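One file, work.txt, is given below (compact mmCIF, C-alpha atoms).
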# COMPACT_ATOMS: atom_id res chain seq x y z
CA MET T 37 14.01 22.93 -47.41
CA LYS T 38 14.97 19.74 -45.59
CA ILE T 39 13.17 19.29 -42.28
CA LEU T 40 13.98 16.77 -39.57
CA VAL T 41 11.30 16.15 -36.94
CA CYS T 42 12.47 14.42 -33.76
CA ILE T 43 9.86 11.97 -32.47
CA SER T 44 9.65 10.66 -28.91
CA HIS T 45 7.82 7.38 -28.24
CA VAL T 46 5.88 8.09 -25.04
CA PRO T 47 3.09 6.45 -22.99
CA ASP T 48 -0.46 7.56 -23.68
CA THR T 49 -1.68 9.75 -20.82
CA THR T 50 -4.58 7.34 -20.23
CA SER T 51 -2.21 4.45 -19.50
CA LYS T 52 -1.83 3.14 -15.96
CA ILE T 53 1.80 3.66 -14.93
CA ASN T 54 3.75 1.12 -12.85
CA PHE T 55 7.41 0.54 -11.99
CA THR T 56 9.53 -2.57 -11.53
CA ASN T 57 12.94 -3.55 -10.10
CA ASP T 58 12.36 -1.83 -6.77
CA ASP T 59 10.77 1.19 -8.50
CA SER T 60 13.89 1.86 -10.57
CA GLN T 61 12.50 0.96 -14.00
CA PHE T 62 9.35 1.88 -15.92
CA ASP T 63 7.05 -1.09 -16.58
CA THR T 64 5.95 -1.06 -20.23
CA ASN T 65 3.57 -4.01 -19.95
CA GLY T 66 0.08 -3.10 -21.10
CA VAL T 67 1.07 0.49 -21.91
CA GLN T 68 -0.08 2.12 -25.16
CA PHE T 69 2.59 4.34 -26.76
CA VAL T 70 2.00 7.41 -28.94
CA ILE T 71 3.85 10.27 -30.62
CA ASN T 72 4.90 12.80 -27.99
CA PRO T 73 2.28 15.60 -28.17
CA ASN T 74 4.82 18.42 -28.53
CA ASP T 75 6.45 16.48 -31.38
CA GLU T 76 3.07 15.95 -33.05
CA TYR T 77 2.52 19.71 -33.19
CA GLY T 78 5.95 20.04 -34.79
CA LEU T 79 5.24 17.28 -37.31
CA THR T 80 1.96 18.88 -38.33
CA ARG T 81 3.72 22.20 -38.86
CA ALA T 82 6.35 20.43 -40.96
CA VAL T 83 3.57 18.95 -43.12
CA TRP T 84 2.31 22.51 -43.66
CA PHE T 85 5.79 23.48 -44.94
CA GLN T 86 5.70 20.39 -47.12
CA GLU T 87 2.38 21.42 -48.67
CA GLN T 88 3.12 25.14 -48.99
CA GLN T 89 6.87 25.22 -49.70
CA ALA T 90 7.63 21.72 -51.06
CA ALA T 91 9.73 20.85 -48.02
CA THR T 92 10.85 17.27 -47.45
CA ILE T 93 10.29 15.71 -44.02
CA THR T 94 12.34 13.06 -42.26
CA VAL T 95 11.33 11.82 -38.81
CA VAL T 96 13.85 10.37 -36.40
CA ASN T 97 13.68 8.48 -33.13
CA VAL T 98 16.22 7.00 -30.75
CA GLY T 99 14.88 3.65 -29.60
CA GLY T 100 14.46 -0.05 -30.20
CA PRO T 101 12.23 -1.89 -32.70
CA GLU T 102 9.23 -1.31 -30.43
CA THR T 103 9.21 2.37 -31.48
CA GLU T 104 8.72 1.63 -35.19
CA PRO T 105 4.87 1.71 -35.06
CA THR T 106 5.16 5.28 -33.76
CA LEU T 107 7.47 6.17 -36.66
CA ARG T 108 5.08 4.50 -39.11
CA LYS T 109 2.27 6.67 -37.76
CA ALA T 110 4.45 9.74 -38.41
CA LEU T 111 4.99 8.48 -41.97
CA ALA T 112 1.24 8.02 -42.35
CA ILE T 113 0.68 11.61 -41.24
CA GLY T 114 2.92 12.83 -44.05
CA ALA T 115 6.66 12.39 -43.41
CA ASN T 116 8.66 11.28 -46.45
CA ASP T 117 10.98 8.87 -44.66
CA ALA T 118 12.12 7.84 -41.19
CA ILE T 119 15.30 7.03 -39.29
CA ARG T 120 15.55 4.93 -36.14
CA VAL T 121 18.76 5.09 -34.13
CA ASN T 122 19.00 1.59 -32.69
CA ALA T 123 19.70 2.43 -29.06
CA ASN T 124 17.98 2.70 -25.71
CA PRO T 125 17.39 6.44 -24.98
CA THR T 126 19.17 6.34 -21.65
CA ASP T 127 19.63 10.04 -20.92
CA SER T 128 19.29 13.47 -22.55
CA PHE T 129 22.93 13.88 -23.59
CA PHE T 130 23.10 10.42 -25.14
CA VAL T 131 19.92 11.10 -27.16
CA ALA T 132 21.15 14.56 -28.20
CA LYS T 133 24.46 13.09 -29.38
CA GLN T 134 22.68 10.52 -31.56
CA LEU T 135 20.33 13.09 -33.06
CA ALA T 136 23.19 15.51 -33.70
CA GLU T 137 24.97 12.82 -35.73
CA VAL T 138 21.85 12.24 -37.83
CA ILE T 139 21.47 15.98 -38.42
CA LYS T 140 25.12 16.38 -39.39
CA ASN T 141 24.95 13.51 -41.87
CA GLY T 142 21.65 14.67 -43.37
CA ALA T 143 22.45 18.40 -43.63
CA TYR T 144 18.96 19.42 -42.52
CA ASP T 145 17.92 23.07 -42.67
CA LEU T 146 15.26 23.03 -39.96
CA VAL T 147 15.10 20.63 -37.01
CA ILE T 148 11.84 20.53 -35.08
CA ALA T 149 11.83 18.84 -31.69
CA GLY T 150 9.31 19.06 -28.90
CA LYS T 151 10.44 21.36 -26.10
CA GLU T 152 10.08 18.36 -23.76
CA SER T 153 8.76 14.81 -23.81
CA LEU T 154 5.60 13.82 -22.02
CA ASP T 155 7.26 11.04 -20.02
CA TYR T 156 10.41 12.50 -18.42
CA ASN T 157 9.83 16.23 -19.05
CA GLY T 158 13.58 16.83 -19.18
CA GLY T 159 13.40 19.69 -21.68
CA MET T 160 17.11 19.44 -22.47
CA VAL T 161 17.54 17.58 -25.77
CA PRO T 162 16.84 20.39 -28.33
CA GLY T 163 19.23 22.80 -26.62
CA MET T 164 21.91 20.14 -26.28
CA ILE T 165 21.69 19.33 -30.01
CA ALA T 166 22.11 23.02 -30.84
CA GLY T 167 25.09 23.23 -28.51
CA ILE T 168 26.78 20.19 -30.07
CA LEU T 169 26.26 21.43 -33.64
CA GLY T 170 26.54 25.19 -33.11
CA TYR T 171 23.10 25.78 -34.69
CA ASN T 172 20.74 28.63 -33.91
CA PHE T 173 18.16 27.58 -31.31
CA LEU T 174 14.70 28.73 -30.21
CA ASN T 175 12.85 27.08 -27.34
CA ALA T 176 9.15 27.15 -26.42
CA CYS T 177 8.38 28.07 -30.03
CA THR T 178 4.69 28.62 -30.85
CA GLU T 179 4.91 30.07 -34.35
CA ILE T 180 7.44 29.81 -37.17
CA ASN T 181 7.60 31.12 -40.73
CA VAL T 182 10.46 30.56 -43.17
CA ASP T 183 11.33 32.68 -46.21
CA GLY T 184 14.44 31.35 -47.93
CA THR T 185 16.98 31.14 -45.14
CA ASN T 186 15.30 33.82 -43.03
CA VAL T 187 13.07 32.81 -40.14
CA LYS T 188 10.55 34.72 -38.09
CA ALA T 189 9.24 33.01 -34.99
CA ILE T 190 7.35 33.60 -31.78
CA ARG T 191 8.17 31.90 -28.52
CA GLU T 192 6.65 31.94 -25.06
CA ILE T 193 8.51 33.71 -22.28
CA ASP T 194 7.57 34.38 -18.67
CA GLY T 195 4.65 36.76 -18.74
CA GLY T 196 4.27 37.05 -22.50
CA ARG T 197 5.47 36.22 -25.99
CA GLU T 198 8.65 37.21 -27.84
CA ALA T 199 9.00 37.77 -31.60
CA VAL T 200 12.38 36.61 -32.92
CA SER T 201 14.15 36.71 -36.29
CA THR T 202 16.99 34.34 -37.12
CA THR T 203 18.39 32.24 -39.98
CA LEU T 204 18.68 28.62 -41.01
CA PRO T 205 20.03 26.15 -40.03
CA LEU T 206 17.85 26.24 -36.95
CA ILE T 207 16.69 23.95 -34.17
CA ILE T 208 13.44 24.71 -32.38
CA GLY T 209 11.85 23.29 -29.26
CA GLY T 210 8.21 23.37 -30.33
CA GLN T 211 4.98 23.12 -28.38
CA LYS T 212 1.24 23.63 -28.62
CA GLY T 213 0.65 26.70 -30.76
CA LEU T 214 2.80 25.69 -33.73
CA VAL T 215 -0.57 24.51 -35.02
CA GLU T 216 -4.01 24.52 -33.47
CA GLU T 217 -5.10 21.31 -31.82
CA LYS T 218 -7.96 21.02 -34.32
CA ASP T 219 -5.41 20.97 -37.17
CA LEU T 220 -3.53 17.88 -35.96
CA ARG T 221 -3.51 15.21 -38.66
CA ILE T 222 -5.17 11.83 -38.14
CA PRO T 223 -3.76 9.20 -40.52
CA ASN T 224 -6.30 8.07 -43.10
CA MET T 225 -6.33 4.67 -44.81
CA ARG T 226 -4.39 5.95 -47.80
CA GLY T 227 -1.71 7.43 -45.53
CA ILE T 228 -1.46 4.19 -43.55
CA MET T 229 -1.08 2.10 -46.69
CA THR T 230 1.49 4.52 -48.17
CA ALA T 231 3.49 4.52 -44.93
CA ARG T 232 4.16 0.81 -45.37
CA THR T 233 6.17 1.50 -48.53
CA LYS T 234 8.13 4.48 -47.21
CA THR T 235 11.76 4.03 -46.19
CA LEU T 236 12.54 3.42 -42.52
CA THR T 237 16.30 3.34 -42.09
CA VAL T 238 17.91 1.83 -39.00
CA VAL T 239 21.32 3.20 -38.02
CA GLU T 240 23.61 2.16 -35.20
CA PRO T 241 24.41 4.66 -32.44
CA VAL T 242 27.62 6.60 -32.16
CA GLU T 243 29.66 6.41 -29.00
CA ALA T 244 28.44 8.83 -26.34
CA SER T 245 28.81 9.08 -22.59
CA ILE T 246 25.82 8.44 -20.35
CA ASN T 247 25.88 11.15 -17.70
CA SER T 248 22.76 10.39 -15.69
CA LYS T 249 20.43 7.53 -14.82
CA ALA T 250 17.09 7.04 -13.12
CA VAL T 251 17.66 5.85 -9.57
CA LYS T 252 14.09 5.57 -8.31
CA PHE T 253 10.56 6.43 -9.40
CA GLU T 254 7.77 7.38 -7.05
CA LYS T 255 4.07 7.78 -7.75
CA PRO T 256 2.26 10.85 -6.45
CA ALA T 257 0.66 10.38 -3.04
CA PRO T 258 -3.03 9.43 -3.26
CA LYS T 259 -5.49 12.25 -2.73
CA SER T 260 -6.81 12.56 0.80
CA ALA T 261 -10.49 12.24 1.61
CA VAL T 262 -12.72 15.24 0.98
CA LYS T 263 -14.13 17.08 3.97
CA LEU T 264 -17.53 18.66 3.54
CA VAL T 265 -18.38 21.80 5.48
CA ALA T 266 -21.87 23.15 5.90
CA ALA T 267 -22.53 26.29 3.87
CA ASP T 268 -23.31 28.32 7.01
CA ASN T 269 -20.25 27.11 8.99
CA LEU T 270 -17.71 29.69 7.84
CA ASP T 271 -15.64 29.45 11.01
CA GLU T 272 -14.95 25.74 10.39
CA LEU T 273 -14.15 26.41 6.74
CA ILE T 274 -11.64 29.11 7.64
CA ASN T 275 -10.10 26.86 10.30
CA LEU T 276 -9.60 24.00 7.82
CA LEU T 277 -8.17 26.27 5.13
CA HIS T 278 -5.78 27.85 7.59
CA ASN T 279 -4.64 24.90 9.74
CA GLU T 280 -5.00 21.85 7.45
CA ALA T 281 -4.84 23.00 3.86
CA LYS T 282 -2.57 25.92 4.82
CA VAL T 283 -3.71 28.00 1.87
CA ILE T 284 -4.57 31.10 3.92
Have the structure of the file written as structure tokens, please.
Amino acid sequence: MKILVCISHVPDTTSKINFTNDDSQFDTNGVQFVINPNDEYGLTRAVWFQEQQAATITVVNVGGPETEPTLRKALAIGANDAIRVNANPTDSFFVAKQLAEVIKNGAYDLVIAGKESLDYNGGMVPGMIAGILGYNFLNACTEINVDGTNVKAIREIDGGREAVSTTLPLIIGGQKGLVEEKDLRIPNMRGIMTARTKTLTVVEPVEASINSKAVKFEKPAPKSAVKLVAADNLDELINLLHNEAKVI
């Protein structure tokens, strides 16, 4: 089984976020980048398929040379090789078009993407890829098992979970649950050294329209000061909850 894992290069959640050019562009200065958490769950699940079913794993990213350390980390975790599409990931459709071309050329059986990236939370790319290629698609996937070309999976739905059966080729939008958080792989020294010798192929992007752009970013409003109410002053507490917080 050939598996392609789509990797997003996203800011670490501990990074301080700023914007430039009149708040129209993300400022990357001083920001630490990591593998998108939803993608990391998918990569770890792919490594399980590699160990249990002799699957081969390719990781792919749309981005510039600055994303290669993130791809090298994915190689250190266990991917066999990597592909970088040499383009700025401007919008969801553009990214989906590039990834669809990679999938078509590589004839992958299973494509694992995160259901959304940590930075923009668009949640559109996996479904768009499936639409472009005509592949089966499962979003919000938390469990997947493959037997030949038959697939059984579980995905989250509003108010519960849904068991689904389908066939390869398949694209999934994965998330936490594909593996337990404790099972995420941390690259060891051997993996890091091996990753240096693994193939990282750079390909040029195909032509694709850019249908949206970021116009302006805005940080959340700072939290207001806390008001303390005496434990025996219930009338004041109710007044504040009703008239200021407006939660009752």
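Across the model, the gap from atom CA of T:Glu104 to atom CA of T:Ser51 is 19.3 Å.
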Can you build me a table of stretch 151-191 of chain T residues sitting at most 10 Å from stretch 114-128 of chain T, with the closest atom pair per residue and its distance in Å to one decimal, using only C-alpha atoms, sorted by chain and residue number, as a Markdown table?
| residue | atom | partner | partner_atom | distance |
| --- | --- | --- | --- | --- |
| T:Tyr156 | CA | T:Ser128 | CA | 9.8 |
| T:Gly158 | CA | T:Ser128 | CA | 7.4 |
| T:Gly159 | CA | T:Ser128 | CA | 8.6 |
| T:Met160 | CA | T:Ser128 | CA | 6.4 |
| T:Val161 | CA | T:Ser128 | CA | 5.5 |
| T:Pro162 | CA | T:Ser128 | CA | 9.3 |
| T:Met164 | CA | T:Ser128 | CA | 8.1 |
| T:Ile165 | CA | T:Ser128 | CA | 9.8 |
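Using only C-alpha atoms, the shortest contact distance between T:Asn54 and any of T:Ala149, T:Lys255, T:Val96, T:Val265 is found at T:Lys255.
When atom CA of T:Gln68 is paired with atom CA of T:Lys212, their separation reads 21.8 Å.
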Between T:Ala244, T:Val239, T:Val262, T:Leu146, single out the one closest to T:Thr202, counting only C-alpha atoms.
-> T:Leu146
Measure the distance from atom CA of T:Gly184 to atom CA of T:Gly163 in Å and round it to one decimal.
-> 23.5 Å
Nearest to T:Gly209: which of T:Lys259, T:His278, T:Arg191, T:Lys249 is it, counting all atoms listed in the file?
-> T:Arg191
Test item: residues at most 12 Å from T:Val83, all atoms listed in the file, excluding those fewer than 4 positions along its chain, as an mmCIF file with C-alpha atoms, in the frame of the given file:
data_model
loop_
_atom_site.group_PDB
_atom_site.id
_atom_site.type_symbol
_atom_site.label_atom_id
_atom_site.label_comp_id
_atom_site.auth_asym_id
_atom_site.auth_seq_id
_atom_site.Cartn_x
_atom_site.Cartn_y
_atom_site.Cartn_z
ATOM 1 C CA MET T 37 14.010 22.930 -47.410
ATOM 2 C CA LYS T 38 14.970 19.740 -45.590
ATOM 3 C CA ILE T 39 13.170 19.290 -42.280
ATOM 4 C CA LEU T 40 13.980 16.770 -39.570
ATOM 5 C CA VAL T 41 11.300 16.150 -36.940
ATOM 6 C CA GLU T 76 3.070 15.950 -33.050
ATOM 7 C CA TYR T 77 2.520 19.710 -33.190
ATOM 8 C CA GLY T 78 5.950 20.040 -34.790
ATOM 9 C CA LEU T 79 5.240 17.280 -37.310
ATOM 10 C CA GLU T 87 2.380 21.420 -48.670
ATOM 11 C CA GLN T 88 3.120 25.140 -48.990
ATOM 12 C CA GLN T 89 6.870 25.220 -49.700
ATOM 13 C CA ALA T 90 7.630 21.720 -51.060
ATOM 14 C CA ALA T 91 9.730 20.850 -48.020
ATOM 15 C CA THR T 92 10.850 17.270 -47.450
ATOM 16 C CA ILE T 93 10.290 15.710 -44.020
ATOM 17 C CA THR T 94 12.340 13.060 -42.260
ATOM 18 C CA VAL T 95 11.330 11.820 -38.810
ATOM 19 C CA ALA T 110 4.450 9.740 -38.410
ATOM 20 C CA LEU T 111 4.990 8.480 -41.970
ATOM 21 C CA ALA T 112 1.240 8.020 -42.350
ATOM 22 C CA ILE T 113 0.680 11.610 -41.240
ATOM 23 C CA GLY T 114 2.920 12.830 -44.050
ATOM 24 C CA ALA T 115 6.660 12.390 -43.410
ATOM 25 C CA ASN T 116 8.660 11.280 -46.450
ATOM 26 C CA ILE T 148 11.840 20.530 -35.080
ATOM 27 C CA LEU T 214 2.800 25.690 -33.730
ATOM 28 C CA VAL T 215 -0.570 24.510 -35.020
ATOM 29 C CA ASP T 219 -5.410 20.970 -37.170
ATOM 30 C CA LEU T 220 -3.530 17.880 -35.960
ATOM 31 C CA ARG T 221 -3.510 15.210 -38.660
#
Show which residues sit within 12 Å of T:Thr178, as a PyMOL selection string. Count all atoms listed in the file, and ignore same-chain residues fewer than 5 positions away.
-> chain T and resi 74+77-78+81+148+150-151+188-193+196-200+208-216
Pick out the residues sitting within 10 Å of T:Ile284, and hand them over as JSON, numbers by chain; count only C-alpha atoms, and ignore anything fewer than 5 positions along from it in its own chain.
-> {"T": [274, 275, 276, 277, 278, 279]}
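Each of T:Pro73, T:Gly170, T:Pro241, T:Pro47 was checked against T:Ile207 using only C-alpha atoms; the smallest atom-to-atom distance is that of T:Gly170.
For the set T:Cys177, T:Val147, T:Ala257, T:Val242, the residue with the smallest atom-to-atom gap to T:Ala82 is T:Val147, counting all atoms listed in the file.
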Could you tell me which of T:Val131, T:Val46, T:Val138, T:Ala267 comes closest to T:Glu102 if we count all atoms listed in the file?
-> T:Val46
Skip stretch 57-62 of chain T itself and residues of its chain fewer than 6 positions away, then list as a PyMOL selection string all residues within 8 Å of it, counting all atoms listed in the file.
-> chain T and resi 250-254
Reconstruct stretch 259-270 of chain T at the level of all heavy atoms, and format the result as a tab-separated table (two decimals), in the coordinates of the input.
chain	number	residue	atom	x	y	z
T	259	LYS	N	-4.77	11.10	-3.27
T	259	LYS	CA	-5.49	12.25	-2.73
T	259	LYS	C	-6.18	11.88	-1.42
T	259	LYS	O	-6.71	10.78	-1.27
T	259	LYS	CB	-6.53	12.73	-3.75
T	259	LYS	CG	-5.92	13.32	-5.01
T	259	LYS	CD	-7.00	13.83	-5.96
T	259	LYS	CE	-6.38	14.44	-7.21
T	259	LYS	NZ	-7.42	14.93	-8.15
T	260	SER	N	-6.15	12.80	-0.48
T	260	SER	CA	-6.81	12.56	0.80
T	260	SER	C	-8.32	12.68	0.64
T	260	SER	O	-8.82	13.22	-0.35
T	260	SER	CB	-6.31	13.56	1.84
T	260	SER	OG	-6.53	14.88	1.42
T	261	ALA	N	-9.03	12.19	1.65
T	261	ALA	CA	-10.49	12.24	1.61
T	261	ALA	C	-10.98	13.68	1.65
T	261	ALA	O	-10.33	14.58	2.21
T	261	ALA	CB	-11.06	11.47	2.80
T	262	VAL	N	-12.13	13.90	1.03
T	262	VAL	CA	-12.72	15.24	0.98
T	262	VAL	C	-13.52	15.50	2.25
T	262	VAL	O	-14.25	14.62	2.74
T	262	VAL	CB	-13.64	15.36	-0.25
T	262	VAL	CG1	-14.36	16.71	-0.25
T	262	VAL	CG2	-12.83	15.18	-1.52
T	263	LYS	N	-13.34	16.67	2.80
T	263	LYS	CA	-14.13	17.08	3.97
T	263	LYS	C	-15.19	18.07	3.52
T	263	LYS	O	-14.87	19.07	2.86
T	263	LYS	CB	-13.25	17.72	5.04
T	263	LYS	CG	-12.30	16.74	5.72
T	263	LYS	CD	-11.55	17.40	6.88
T	263	LYS	CE	-10.67	16.38	7.59
T	263	LYS	NZ	-9.94	17.00	8.73
T	264	LEU	N	-16.42	17.78	3.88
T	264	LEU	CA	-17.53	18.66	3.54
T	264	LEU	C	-17.87	19.55	4.72
T	264	LEU	O	-17.95	19.09	5.87
T	264	LEU	CB	-18.76	17.84	3.13
T	264	LEU	CG	-18.59	16.93	1.90
T	264	LEU	CD1	-19.86	16.13	1.65
T	264	LEU	CD2	-18.25	17.76	0.67
T	265	VAL	N	-18.05	20.82	4.44
T	265	VAL	CA	-18.38	21.80	5.48
T	265	VAL	C	-19.72	22.43	5.13
T	265	VAL	O	-19.96	22.79	3.97
T	265	VAL	CB	-17.28	22.89	5.57
T	265	VAL	CG1	-17.62	23.91	6.64
T	265	VAL	CG2	-15.92	22.26	5.83
T	266	ALA	N	-20.56	22.55	6.11
T	266	ALA	CA	-21.87	23.15	5.90
T	266	ALA	C	-21.73	24.58	5.38
T	266	ALA	O	-20.79	25.31	5.77
T	266	ALA	CB	-22.68	23.14	7.20
T	267	ALA	N	-22.63	24.98	4.50
T	267	ALA	CA	-22.53	26.29	3.87
T	267	ALA	C	-22.55	27.43	4.86
T	267	ALA	O	-21.97	28.49	4.62
T	267	ALA	CB	-23.67	26.45	2.86
T	268	ASP	N	-23.20	27.23	6.03
T	268	ASP	CA	-23.31	28.32	7.01
T	268	ASP	C	-22.23	28.25	8.09
T	268	ASP	O	-22.20	29.05	9.02
T	268	ASP	CB	-24.69	28.31	7.66
T	268	ASP	CG	-25.01	26.98	8.33
T	268	ASP	OD1	-24.19	26.04	8.18
T	268	ASP	OD2	-26.05	26.89	9.01
T	269	ASN	N	-21.30	27.27	7.98
T	269	ASN	CA	-20.25	27.11	8.99
T	269	ASN	C	-18.94	27.71	8.50
T	269	ASN	O	-17.96	27.00	8.22
T	269	ASN	CB	-20.08	25.63	9.32
T	269	ASN	CG	-19.25	25.41	10.58
T	269	ASN	OD1	-18.71	26.36	11.15
T	269	ASN	ND2	-19.16	24.15	11.01
T	270	LEU	N	-18.90	29.02	8.37
T	270	LEU	CA	-17.71	29.69	7.84
T	270	LEU	C	-16.51	29.58	8.75
T	270	LEU	O	-15.37	29.50	8.29
T	270	LEU	CB	-18.03	31.17	7.58
T	270	LEU	CG	-19.05	31.44	6.47
T	270	LEU	CD1	-19.27	32.95	6.33
T	270	LEU	CD2	-18.59	30.86	5.15
